[in-house]
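Q: Below is data28.cif; it holds mmCIF, C-alpha atoms.
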```cif
data_data
loop_
_atom_site.label_atom_id
_atom_site.label_comp_id
_atom_site.auth_asym_id
_atom_site.auth_seq_id
_atom_site.Cartn_x
_atom_site.Cartn_y
_atom_site.Cartn_z
CA MET A 1 146.75 133.72 89.03
CA THR A 2 146.72 132.02 85.65
CA VAL A 3 143.56 131.42 83.68
CA TRP A 4 143.96 127.66 84.20
CA ARG A 5 144.19 128.06 87.97
CA GLN A 6 141.10 130.29 87.92
CA ALA A 7 139.22 127.75 85.83
CA GLY A 8 140.30 124.97 88.16
CA LEU A 9 139.20 126.99 91.17
CA ILE A 10 135.77 127.65 89.66
CA LEU A 11 135.45 123.98 88.76
CA LEU A 12 136.31 122.97 92.32
CA VAL A 13 133.73 125.40 93.74
CA ALA A 14 131.10 124.08 91.30
CA LEU A 15 131.93 120.47 92.14
CA GLY A 16 131.78 121.22 95.85
CA LEU A 17 128.36 122.84 95.54
CA ALA A 18 127.09 120.04 93.30
CA GLY A 19 128.40 117.41 95.71
CA ALA A 20 126.76 119.11 98.67
CA THR A 21 123.44 119.32 96.76
CA ALA A 22 123.67 115.66 95.78
CA ALA A 23 124.32 114.73 99.42
CA ILE A 24 121.69 116.79 101.21
CA HIS A 25 118.95 117.75 98.74
CA PRO A 26 115.66 116.12 99.78
CA LYS A 27 114.78 115.28 96.16
CA ARG A 28 118.23 114.20 95.00
CA PRO A 29 118.19 111.54 92.29
CA SER A 30 119.13 108.03 93.21
CA PHE A 31 122.56 106.92 92.01
CA LEU A 32 121.25 103.40 91.74
CA ALA A 33 119.01 102.52 88.81
CA PRO A 34 115.41 102.30 90.01
CA PRO A 35 114.19 98.71 90.16
CA GLN A 36 112.04 97.82 87.17
CA ASP A 37 108.37 97.40 87.93
CA PRO A 38 107.73 93.65 87.69
CA ASN A 39 104.44 94.39 85.95
CA GLU A 40 106.14 96.22 83.08
CA VAL A 41 106.94 93.97 80.12
CA SER A 42 108.97 94.53 76.98
CA LEU A 43 107.71 93.98 73.46
CA ALA A 44 110.16 91.07 73.14
CA GLN A 45 108.61 89.42 76.19
CA THR A 46 105.09 89.74 74.78
CA LYS A 47 106.31 88.18 71.50
CA GLU A 48 107.57 85.20 73.50
CA TRP A 49 104.14 84.87 75.10
CA GLY A 50 102.64 84.76 71.61
CA ARG A 51 98.96 84.80 70.81
CA SER A 52 97.83 83.81 74.28
CA VAL A 53 98.13 87.47 75.34
CA LEU A 54 94.95 89.51 75.63
CA TRP A 55 95.77 93.09 74.63
CA VAL A 56 94.05 96.06 76.25
CA ASP A 57 94.27 99.49 74.64
CA ALA A 58 94.02 102.17 77.34
CA ARG A 59 94.11 105.09 74.90
CA SER A 60 91.06 107.11 73.92
CA GLU A 61 88.39 105.51 71.75
CA THR A 62 89.31 107.90 68.92
CA GLU A 63 92.91 106.69 68.93
CA PHE A 64 91.74 103.08 69.24
CA VAL A 65 89.41 103.38 66.26
CA ALA A 66 92.19 104.94 64.17
CA GLU A 67 94.61 102.07 64.80
CA HIS A 68 95.24 99.40 67.40
CA ILE A 69 96.95 96.08 68.03
CA PRO A 70 94.90 93.31 66.38
CA ASP A 71 92.19 91.89 68.69
CA ALA A 72 92.90 94.48 71.39
CA ILE A 73 90.02 95.71 73.56
CA CYS A 74 89.59 99.40 74.24
CA LEU A 75 89.34 99.79 78.01
CA ASN A 76 90.08 102.94 79.97
CA PHE A 77 88.75 104.90 82.92
CA GLU A 78 86.26 106.78 80.74
CA ASN A 79 84.53 103.67 79.39
CA TRP A 80 85.25 101.18 82.20
CA ASN A 81 81.67 100.30 83.13
CA GLN A 82 80.68 99.78 79.48
CA GLN A 83 83.80 97.97 78.31
CA PHE A 84 84.79 95.81 81.28
CA PRO A 85 81.96 93.29 80.56
CA LYS A 86 83.26 93.08 76.97
CA PHE A 87 86.76 92.49 78.32
CA LEU A 88 85.39 89.62 80.42
CA ASP A 89 83.78 88.09 77.34
CA HIS A 90 87.27 87.77 75.81
CA PHE A 91 89.24 86.97 78.96
CA ASN A 92 89.88 83.45 80.22
CA PRO A 93 91.03 82.71 83.78
CA GLY A 94 94.82 82.61 84.03
CA GLN A 95 95.29 84.45 80.74
CA ARG A 96 98.04 87.06 80.50
CA VAL A 97 96.79 90.58 79.86
CA VAL A 98 99.04 93.36 78.52
CA VAL A 99 97.83 96.96 78.60
CA TYR A 100 99.32 99.67 76.42
CA CYS A 101 98.85 103.39 75.99
CA SER A 102 100.56 105.93 73.74
CA ALA A 103 104.20 105.96 74.81
CA THR A 104 106.62 105.60 77.71
CA SER A 105 105.52 108.92 79.16
CA CYS A 106 101.92 107.73 79.37
CA GLN A 107 100.86 106.42 82.78
CA LEU A 108 97.44 105.12 81.79
CA SER A 109 98.58 101.60 80.92
CA ARG A 110 100.17 101.17 84.35
CA GLU A 111 97.02 102.51 86.03
CA ILE A 112 94.64 100.31 84.02
CA ALA A 113 96.83 97.23 84.64
CA GLU A 114 96.67 98.04 88.36
CA LYS A 115 92.88 98.39 88.23
CA LEU A 116 92.61 95.07 86.39
CA ARG A 117 94.69 93.35 89.07
CA THR A 118 92.54 94.78 91.86
CA SER A 119 89.48 93.63 89.89
CA GLY A 120 90.74 90.04 89.94
CA VAL A 121 92.89 89.75 86.79
CA ALA A 122 96.04 88.43 88.44
CA ASP A 123 98.33 88.43 85.40
CA ALA A 124 97.86 92.01 84.17
CA HIS A 125 100.96 93.81 82.84
CA TYR A 126 101.71 96.96 80.88
CA LEU A 127 103.85 97.40 77.79
CA GLU A 128 107.12 99.27 78.03
CA GLY A 129 107.06 102.06 75.43
CA GLY A 130 103.36 101.54 74.66
CA TRP A 131 101.85 101.91 71.20
CA GLU A 132 105.00 103.69 69.91
CA ALA A 133 107.12 100.65 70.81
CA TRP A 134 104.62 98.34 69.12
CA LYS A 135 104.60 100.43 65.93
CA LYS A 136 108.39 100.61 65.91
CA GLY A 137 108.54 96.85 66.38
CA GLN A 138 106.18 96.35 63.43
CA LEU A 139 108.25 98.61 61.19
CA GLU A 140 111.44 96.82 62.16
CA GLY A 141 109.81 93.44 61.64
CA ARG A 142 110.16 92.41 65.28
CA MET B 1 141.61 141.22 88.13
CA ARG B 2 140.38 138.35 86.08
CA LEU B 3 139.15 136.27 89.05
CA PRO B 4 136.39 138.70 90.07
CA LEU B 5 135.33 138.97 86.44
CA LEU B 6 135.10 135.21 86.03
CA LEU B 7 133.31 134.80 89.35
CA SER B 8 130.78 137.48 88.45
CA LEU B 9 130.13 135.71 85.15
CA PHE B 10 129.77 132.45 87.04
CA LEU B 11 127.29 133.89 89.51
CA ALA B 12 125.50 136.19 87.07
CA VAL B 13 121.73 136.56 87.44
CA PRO B 14 120.05 135.65 84.16
CA ALA B 15 118.75 138.73 82.36
CA PHE B 16 115.63 137.15 80.88
CA ALA B 17 112.13 136.10 81.84
CA GLN B 18 112.22 133.21 84.24
CA LEU B 19 109.42 131.53 86.14
CA LYS B 20 110.25 130.28 89.60
CA TRP B 21 107.81 127.66 90.84
CA ASP B 22 107.01 127.15 94.53
CA THR B 23 106.78 123.45 93.80
CA LEU B 24 106.77 121.31 90.69
CA GLU B 25 104.92 118.44 92.32
CA GLN B 26 101.67 118.32 94.28
CA THR B 27 100.25 115.32 96.07
CA VAL B 28 96.49 115.68 96.42
CA LYS B 29 94.58 113.99 99.20
CA VAL B 30 91.45 112.42 97.79
CA LYS B 31 88.56 111.17 99.87
CA PRO B 32 86.29 108.33 98.77
CA GLY B 33 83.51 109.78 96.65
CA ASP B 34 85.39 112.94 95.58
CA SER B 35 84.70 113.81 91.95
CA GLU B 36 87.96 115.64 91.21
CA ALA B 37 91.47 116.24 92.52
CA ILE B 38 92.63 119.85 92.41
CA ALA B 39 96.23 121.06 92.59
CA LYS B 40 97.52 124.64 92.42
CA TYR B 41 100.99 125.53 91.18
CA HIS B 42 102.15 128.97 92.20
CA PHE B 43 104.92 130.76 90.32
CA THR B 44 106.72 134.09 90.17
CA ASN B 45 108.53 135.74 87.30
CA VAL B 46 111.99 136.30 88.81
CA GLY B 47 113.50 137.41 85.51
CA SER B 48 114.00 140.95 84.30
CA LYS B 49 111.45 140.97 81.49
CA THR B 50 107.87 139.87 80.92
CA ALA B 51 107.34 136.10 80.89
CA THR B 52 104.79 134.76 78.44
CA ILE B 53 103.26 131.34 78.96
CA GLU B 54 102.50 130.07 75.48
CA ALA B 55 100.99 126.68 76.22
CA VAL B 56 99.80 124.49 79.07
CA LYS B 57 99.32 120.86 78.10
CA THR B 58 98.22 117.95 80.22
CA SER B 59 99.22 114.30 79.86
CA CYS B 60 95.68 113.01 80.11
CA GLY B 61 92.28 114.03 78.74
CA CYS B 62 91.03 113.61 82.31
CA THR B 63 93.08 116.60 83.48
CA THR B 64 92.58 120.26 82.71
CA ALA B 65 94.90 123.10 83.63
CA ALA B 66 93.66 126.66 83.83
CA LEU B 67 95.65 129.87 83.68
CA THR B 68 94.04 133.27 84.25
CA LYS B 69 96.38 135.09 81.83
CA ASN B 70 99.52 134.52 79.79
CA ASP B 71 101.83 137.50 80.43
CA TYR B 72 103.58 138.10 83.76
CA ALA B 73 105.67 141.21 84.46
CA PRO B 74 108.95 140.91 86.38
CA GLY B 75 108.13 140.13 90.00
CA GLU B 76 104.52 139.22 89.22
CA SER B 77 103.08 135.95 90.48
CA GLY B 78 100.50 133.62 89.02
CA GLU B 79 98.94 130.23 89.47
CA ILE B 80 98.01 127.25 87.36
CA VAL B 81 95.05 125.26 88.64
CA ALA B 82 94.99 121.62 87.53
CA ARG B 83 91.89 119.49 87.93
CA MET B 84 91.86 115.75 87.45
CA GLU B 85 88.46 114.17 86.95
CA ILE B 86 88.30 111.04 89.08
CA GLY B 87 85.50 109.07 87.40
CA THR B 88 86.25 105.36 87.83
CA ARG B 89 89.94 105.95 88.62
CA VAL B 90 91.34 104.26 91.68
CA GLY B 91 94.81 103.74 93.09
CA HIS B 92 97.95 105.73 92.45
CA GLN B 93 97.65 108.38 89.74
CA GLU B 94 100.39 110.53 88.22
CA LYS B 95 99.52 113.27 85.75
CA SER B 96 101.84 115.76 84.08
CA ILE B 97 101.23 119.35 83.07
CA LEU B 98 103.73 120.80 80.61
CA VAL B 99 104.15 124.58 80.72
CA THR B 100 105.88 126.19 77.75
CA THR B 101 107.13 129.77 77.88
CA LYS B 102 107.99 132.05 74.97
CA ASP B 103 111.60 132.34 76.15
CA ASN B 104 112.14 128.62 76.37
CA PRO B 105 109.77 126.96 73.90
CA LYS B 106 111.81 123.77 73.58
CA LEU B 107 112.20 123.15 77.28
CA PRO B 108 108.76 123.09 78.94
CA THR B 109 108.47 122.87 82.71
CA ALA B 110 106.87 119.62 83.83
CA LEU B 111 104.48 119.90 86.76
CA ARG B 112 103.27 116.71 88.38
CA LEU B 113 99.96 115.94 90.07
CA LEU B 114 100.00 112.84 92.26
CA ALA B 115 96.99 111.31 93.95
CA ASP B 116 96.06 108.07 95.62
CA ILE B 117 92.39 107.53 95.02
CA PRO B 118 90.60 105.23 97.44
CA GLU B 119 87.71 103.12 96.21
CA ALA B 120 84.41 104.22 97.69
CA VAL B 121 82.97 100.72 97.44
CA VAL B 122 85.35 97.78 97.22
CA VAL B 123 84.00 94.84 95.21
CA SER B 124 86.51 92.03 95.46
CA PRO B 125 86.90 90.29 93.13
CA SER B 126 84.77 92.22 90.68
CA PHE B 127 84.06 89.06 88.67
CA VAL B 128 83.80 85.31 89.08
CA MET B 129 84.13 82.76 86.31
CA TRP B 130 83.48 79.09 85.63
CA SER B 131 84.79 77.14 82.70
CA LEU B 132 82.26 75.08 80.77
CA GLY B 133 81.85 71.71 82.46
CA GLU B 134 83.48 72.87 85.70
CA PRO B 135 81.52 71.90 88.85
CA ALA B 136 78.96 74.62 89.56
CA ASN B 137 80.31 75.37 93.00
CA PRO B 138 79.56 78.76 94.57
CA LYS B 139 82.16 81.52 94.37
CA THR B 140 82.28 84.46 96.76
CA ILE B 141 82.41 88.20 96.15
CA ASP B 142 83.04 90.56 99.09
CA ILE B 143 81.54 94.04 99.01
CA LYS B 144 82.59 96.69 101.45
CA ILE B 145 82.05 100.42 101.96
CA THR B 146 85.38 102.17 102.52
CA ASP B 147 85.74 103.77 105.96
CA GLY B 148 84.61 107.38 105.86
CA PHE B 149 82.44 107.07 102.75
CA PRO B 150 78.89 108.11 103.75
CA ALA B 151 77.00 105.38 101.87
CA LYS B 152 75.11 102.27 102.86
CA LEU B 153 74.85 99.05 100.90
CA LEU B 154 71.19 98.36 100.20
CA LYS B 155 71.01 95.18 98.13
CA VAL B 156 72.54 93.14 95.35
CA ASP B 157 70.60 91.83 92.33
CA SER B 158 71.53 89.45 89.55
CA ASP B 159 70.15 90.23 86.08
CA ASN B 160 70.22 86.53 85.11
CA PRO B 161 67.99 84.05 86.97
CA ASP B 162 70.29 81.22 85.87
CA ILE B 163 73.08 82.71 87.96
CA LYS B 164 71.85 82.77 91.53
CA ILE B 165 73.15 84.89 94.36
CA GLU B 166 72.93 84.52 98.11
CA VAL B 167 73.69 87.69 100.04
CA SER B 168 74.74 87.74 103.68
CA GLU B 169 75.42 90.91 105.64
CA VAL B 170 78.72 90.92 107.47
CA ARG B 171 78.26 94.45 108.89
CA PRO B 172 74.76 95.80 108.17
CA GLY B 173 74.92 98.45 105.44
CA LEU B 174 78.70 98.38 105.34
CA GLU B 175 79.84 94.93 104.33
CA MET B 176 78.24 92.06 102.42
CA GLN B 177 79.29 88.67 101.18
CA VAL B 178 77.70 87.40 97.98
CA LYS B 179 77.78 83.71 97.05
CA VAL B 180 77.33 83.32 93.32
CA THR B 181 76.26 79.99 91.84
CA PRO B 182 75.37 79.14 88.25
CA LYS B 183 72.47 76.74 87.77
CA ASN B 184 74.76 74.66 85.63
CA THR B 185 77.93 75.06 83.60
CA THR B 186 76.89 73.17 80.50
CA ARG B 187 76.33 76.32 78.46
CA PRO B 188 77.76 79.86 78.47
CA GLU B 189 76.04 82.25 80.86
CA SER B 190 76.59 85.84 81.76
CA ALA B 191 75.29 87.96 84.62
CA THR B 192 75.76 91.45 85.92
CA LEU B 193 75.35 91.84 89.66
CA LEU B 194 74.03 95.25 90.60
CA VAL B 195 75.21 96.54 93.97
CA ARG B 196 72.79 99.24 95.09
CA THR B 197 73.75 101.98 97.54
CA ASP B 198 71.86 104.93 99.01
CA TYR B 199 74.47 107.57 98.12
CA PRO B 200 74.26 110.25 96.92
CA THR B 201 70.62 110.63 97.90
CA ASP B 202 69.60 112.48 94.72
CA ASN B 203 71.19 109.90 92.41
CA PRO B 204 72.18 106.74 94.32
CA GLN B 205 75.15 104.97 92.79
CA THR B 206 75.11 101.41 91.58
CA TYR B 207 78.35 99.41 91.52
CA TYR B 208 78.89 96.28 89.45
CA ALA B 209 80.24 92.77 89.69
CA TYR B 210 80.09 90.16 86.98
CA ALA B 211 79.70 86.40 86.60
CA ARG B 212 80.56 84.34 83.54
CA VAL B 213 80.31 80.71 82.53
CA LYS B 214 82.42 80.22 79.40
#
```
Will you turn the file into structure tokens for me?

A:
Amino acid sequence: MTVWRQAGLILLVALGLAGATAAIHPKRPSFLAPPQDPNEVSLAQTKEWGRSVLWVDARSETEFVAEHIPDAICLNFENWNQQFPKFLDHFNPGQRVVVYCSATSCQLSREIAEKLRTSGVADAHYLEGGWEAWKKGQLEGR
Amino acid sequence: MRLPLLLSLFLAVPAFAQLKWDTLEQTVKVKPGDSEAIAKYHFTNVGSKTATIEAVKTSCGCTTAALTKNDYAPGESGEIVARMEIGTRVGHQEKSILVTTKDNPKLPTALRLLADIPEAVVVSPSFVMWSLGEPANPKTIDIKITDGFPAKLLKVDSDNPDIKIEVSEVRPGLEMQVKVTPKNTTRPESATLLVRTDYPTDNPQTYYAYARVK
């Protein structure tokens, strides 16, 4: 048996096993792209909304103090009871709210946006890519 | 002759330290009033040399992950215990724990802790607002103890006499309806409504709702 036939045979075995795993594994990945969460918004979208957006920084107070989006309010699960009244002082009914945290991998912005919606802020979203995306956008002049 | 050689290479058992995890993802059941969600991730070193866990990092300051030791001999098992502090968190939570081993420092294993946290006391909505000059009509806030949470609603107070409340009990101790009415809407007003409960008995919790005229 030539080397090429052996390689082909191994490849076929590997493909067969991979195919079977993809077909029957209980945690197989979806072949279809997951639908985007309608509450997630891109930086470009927030730029279109302009200055009417109320920004909420869900990161820690230390990170917020170091740097944040202008006029953002620091609101997270640790300081909720102290900061939510302050958020209400800035919020107007019907206003769009966009929450951000550190980066894409951070779940806090999604969780805080969800808590805001259950609290009665109907138009609460979270920023795709978080603070990193904002900083990158600033550097690129977007 | 070459086929068995290639197949043995293909099926070769790795000759290095390797952690095999029972599961990479844990969904924790949380009851209303729980203070933390705890998940345990069990692993075994299935490699042929000692596995050293160099770092365990969590995605959130609210989560800690504890390891009893760092070195695991071949065949030895261990456990990482992750604890997520619940605090004011509600709803679906996803936290990551990244485990880095000496053998594979650039490819940490990501463990996930999932939890759906029910609200112990549902205040809906948690605020009401009037614009300046808007008719000062009453707005309603519903307050409800979640099924299974061993608390009773005692009373609701407003800290601003210019924002009046009228409380009616829907189910005594379990459900209330609060009508909130500002005296007038000609000037900005702000009130915090304090929702008193009897639980826990040694330090009864107060929940909050808010009213604004602005």

Q: Find the residues around Glu94 of chain B up to 8 Å (all atoms listed in the file counted), leave out those fewer than 6 positions away in its own chain, and share them as a count of residues only.

A: 5

Q: List every residue of chain B that has an atom at most 6 Å from any atom of chain A, and for each one report the closest atom pair and its distance in Å to one decimal, counting all atoms listed in the file, with rows sorted by chain and then by increasing residue number, as a Markdown table.

A:
```
| residue | atom | partner | partner_atom | distance |
| --- | --- | --- | --- | --- |
| B:Thr88 | CA | A:Phe77 | CA | 5.5 |
| B:Arg89 | CA | A:Phe77 | CA | 5.9 |
| B:Pro125 | CA | A:Gly120 | CA | 5.0 |
| B:Ser126 | CA | A:Ser119 | CA | 5.0 |
```

Q: Which neighbours of Glu85 of chain B fall inside 9 Å, counting all atoms listed in the file, when residues of the same chain fewer than 6 positions from it are skipped, and could you give them as a PyMOL selection string?

A: chain B and resi 35-38+62-64

Q: Please evaluate the PyMOL selection byres ((chain B and resi 147-161) around 6) against the displayed coordinates and give the resulting residues as a PyMOL selection string.

A: chain B and resi 32+146+162-163+173-174+191-199

Q: Could you state which residues are captured by the PyMOL selection byres ((chain B and resi 73) around 10) in this file, as an mmCIF file with C-alpha atoms, keeping the file's coordinate frame?

A:
```
data_model
loop_
_atom_site.group_PDB
_atom_site.id
_atom_site.type_symbol
_atom_site.label_atom_id
_atom_site.label_comp_id
_atom_site.auth_asym_id
_atom_site.auth_seq_id
_atom_site.Cartn_x
_atom_site.Cartn_y
_atom_site.Cartn_z
ATOM 1 C CA ALA B 17 112.130 136.100 81.840
ATOM 2 C CA THR B 44 106.720 134.090 90.170
ATOM 3 C CA ASN B 45 108.530 135.740 87.300
ATOM 4 C CA VAL B 46 111.990 136.300 88.810
ATOM 5 C CA GLY B 47 113.500 137.410 85.510
ATOM 6 C CA SER B 48 114.000 140.950 84.300
ATOM 7 C CA LYS B 49 111.450 140.970 81.490
ATOM 8 C CA THR B 50 107.870 139.870 80.920
ATOM 9 C CA ALA B 51 107.340 136.100 80.890
ATOM 10 C CA THR B 52 104.790 134.760 78.440
ATOM 11 C CA ASP B 71 101.830 137.500 80.430
ATOM 12 C CA TYR B 72 103.580 138.100 83.760
ATOM 13 C CA PRO B 74 108.950 140.910 86.380
ATOM 14 C CA GLY B 75 108.130 140.130 90.000
ATOM 15 C CA GLU B 76 104.520 139.220 89.220
ATOM 16 C CA SER B 77 103.080 135.950 90.480
#
```

Q: Evaluate the PyMOL selection byres ((chain B and resi 99-101) around 8) here and jot the selected residues down as a PyMOL selection string.

A: chain B and resi 51-57+97-98+102-111

Q: Take atom CA of Ile73 of chain A and atom CA of Trp131 of chain A and report the distance between them in Å, one decimal.

A: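 For atom CA of Ile73 of chain A relative to atom CA of Trp131 of chain A, the distance reads 13.6 Å.
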
Q: Work out how far apart atom CA of Tyr41 of chain B and atom CA of Val28 of chain B are and give it in Å to one decimal.

A: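 Interatomic distance here is 12.0 Å.
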
Q: Mind pulling up the distance from atom CA of Leu54 of chain A to atom CA of Val178 of chain B?

A: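 Separating atom CA of Val178 of chain B from atom CA of Leu54 of chain A is a distance of 28.3 Å.
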